[in-house]
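Asks: I have a structure here, written as structure tokens, and I will follow up with some questions on it.
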Amino acid sequence: MQVIEAIAKSEKPILSLEITPPNKGTSIDELYRSMDELIAFNPSFINVTYHQAQVVYEERGEIIYRVPKRKKPGTVGICASISNRYSVHTIPHFICGGFSQYETEDALIDLHYLGIKNILALRGDAHNRESTFIPHRNGHSFASGLVKQIANMNKGMYLENLDEPVPTNFCIGVAGYPEKHFESPNREKDLEHLKFKVDQGAHYIMTQMFFDFKYYKSFVESAREAGITVPIIPGIKPIASTRQLTAIPRIFHINIPNRIVKDMESARTPEAVCKAATKHLVEMCEKLIDFGVPGLHLYTMGRGRATRELLKALGL
Ligand code: FAD
């Protein structure tokens, strides 16, 4: 099932959950344990993140080697195993970083053979040793290029001329930033680039996490004014610890309103901290549902407690 089909058929907002693959060398069992509990909430889709390889330099004897290390490989494998085990549709995240267009094409063919119908197409962040994003020399500089490549394959246009090529049938999602992408000089420019991604063939937008309804509302209104008509699914991050109050803004370049910070900081126990955060997120999700959102996307990252509390409180 494609995301846009699910949205069109559903009378209420669809639910999707985002998980990350386990660290290299660790068992998948912990992921299964948290999925066993989350699957009870009947998500329509499970998104699986993709992690770019980071480069480290290793000295062996007198020679220094440049070694690419991917901490969390296995996105496509996790998609296949989760969809097999739980009979749920999975959505792999695909990034431009580190891949030539030829490698991307081969990976898309794998997904097509696996029967995967949705992809979230992203650029990815800069490498750990670089201050700005540097694309592969035969790769895409922006997510819009990746979207175009997938949209072309949906029309049967591969990178080489083939006799009677079979078209793929991917529903393409892209990222949107209610508080603007941190590299963008302003919101208008960021929206212009978002519109270009949609014009290249994206079918829906999934947003970066935000903690105030006003950001989503104003983002959707500006997107509609800019001529973007595709569904915009809000991204919600269930939080459970005060450490996240500083880590999340630093990593994701977003704001957490003071009323949430105050309530979480004044809670006395870990349970009370989680409860305080959940109360605010429930209020925000209720506003989103009243606003008519096409879905709710929860960044669970494989740790389920805060997500379970939020879903229970929402009655989903
Ligand atoms: P783009 O759309 O290419 O935009 C990147 C920047 O370039 C923006 O500032 C944009 O305004 C600008 N820009 C776009 N086009 C142009 C142009 N033609 N000229 C000049 N500037 C332009 N990262 C991962 O590594 N793995 C994941 O699994 C992952 N999942 C994510 C899921 C969601 C829902 C979101 C919101 C983000 C996710 N990310 C993930 C992070 C994402 O890769 C980063 O935020 C990255 O910095 C930007 O990716 P993008 O696809 O938005 O890039």
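The way I read the labels, and the way they are meant: chains A, B, ... in the order of the structure tokens, residue 1 as the first residue of every chain, and ligand 1 as the first ligand shown, with later ones counted on from there.
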Taking only C-alpha atoms and all ligand atoms and a cut-off of 6 Å, can you tell me which residues surround ligand 1, written as a list in words?

Replies: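 Based on only C-alpha atoms and all ligand atoms, ligand 1 is surrounded within 6 Å by Thr49, Tyr50, His51, Gln52, His93, Leu122, Arg123, Gly124, Asp125, Phe142, Ala143, Ala175, Gly176, His181, Glu183, Ser184, Asp190, His193, Met206, Thr207 and Gln208 of chain A.
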
Asks: Please provide as number ranges by chain all residues within 12 Å of Ile233 (chain A), with the sequence filter that same-chain residues fewer than 3 positions apart are discarded (counting only C-alpha atoms).

Replies: A: 3-4, 7, 13-17, 173-178, 203-210, 216-217, 219-220, 230, 236, 285, 288-289, 291-298

Asks: If you run DSSP on this backbone, which residues of region 58-285 of chain A come out as helix (DSSP H, G or I), and could you give them as a VMD selection string?

Replies: chain A and resid 75 to 86 101 to 114 143 to 154 187 to 199 213 to 225 244 to 252 258 to 266 270 to 285

Asks: Measuring between only C-alpha atoms, which one of A:Ala240, A:Ile251, A:Ala121, A:Ala276 shows the shortest distance to Met264 (chain A)?

Replies: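 Among A:Ala240, A:Ile251, A:Ala121, A:Ala276, it is A:Ala276 that comes nearest to Met264 (chain A).
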
Asks: For CA of Gln200 (chain A) and CA of Val147 (chain A), quote the distance in Å rounded to one decimal.

Replies: 6.2 Å

Asks: In Å, how far is it from CA of Gly304 (chain A) to CA of Phe41 (chain A)?

Replies: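 Going from CA of Gly304 (chain A) over to CA of Phe41 (chain A), I get 11.6 Å.
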
Asks: So what do you get for CA of Ala277 (chain A) versus CA of Ile260 (chain A), distance-wise?

Replies: 6.5 Å

Asks: Report as a list in words all protein, DNA and RNA residues lying within 10 Å of Tyr158 (chain A), evaluated on only C-alpha atoms, omitting residues in the same chain fewer than 6 positions from it.

Replies: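 Everything that qualifies: Tyr102, Glu105, Gln149, Ile150, Asn152, Pro165, Val166, Pro167 and Thr168 of chain A.
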
Asks: Pick from A:Thr278, A:Thr242, A:Ser81, A:Thr132: nearest to Tyr32 (chain A), with only C-alpha atoms counted?

Replies: A:Ser81
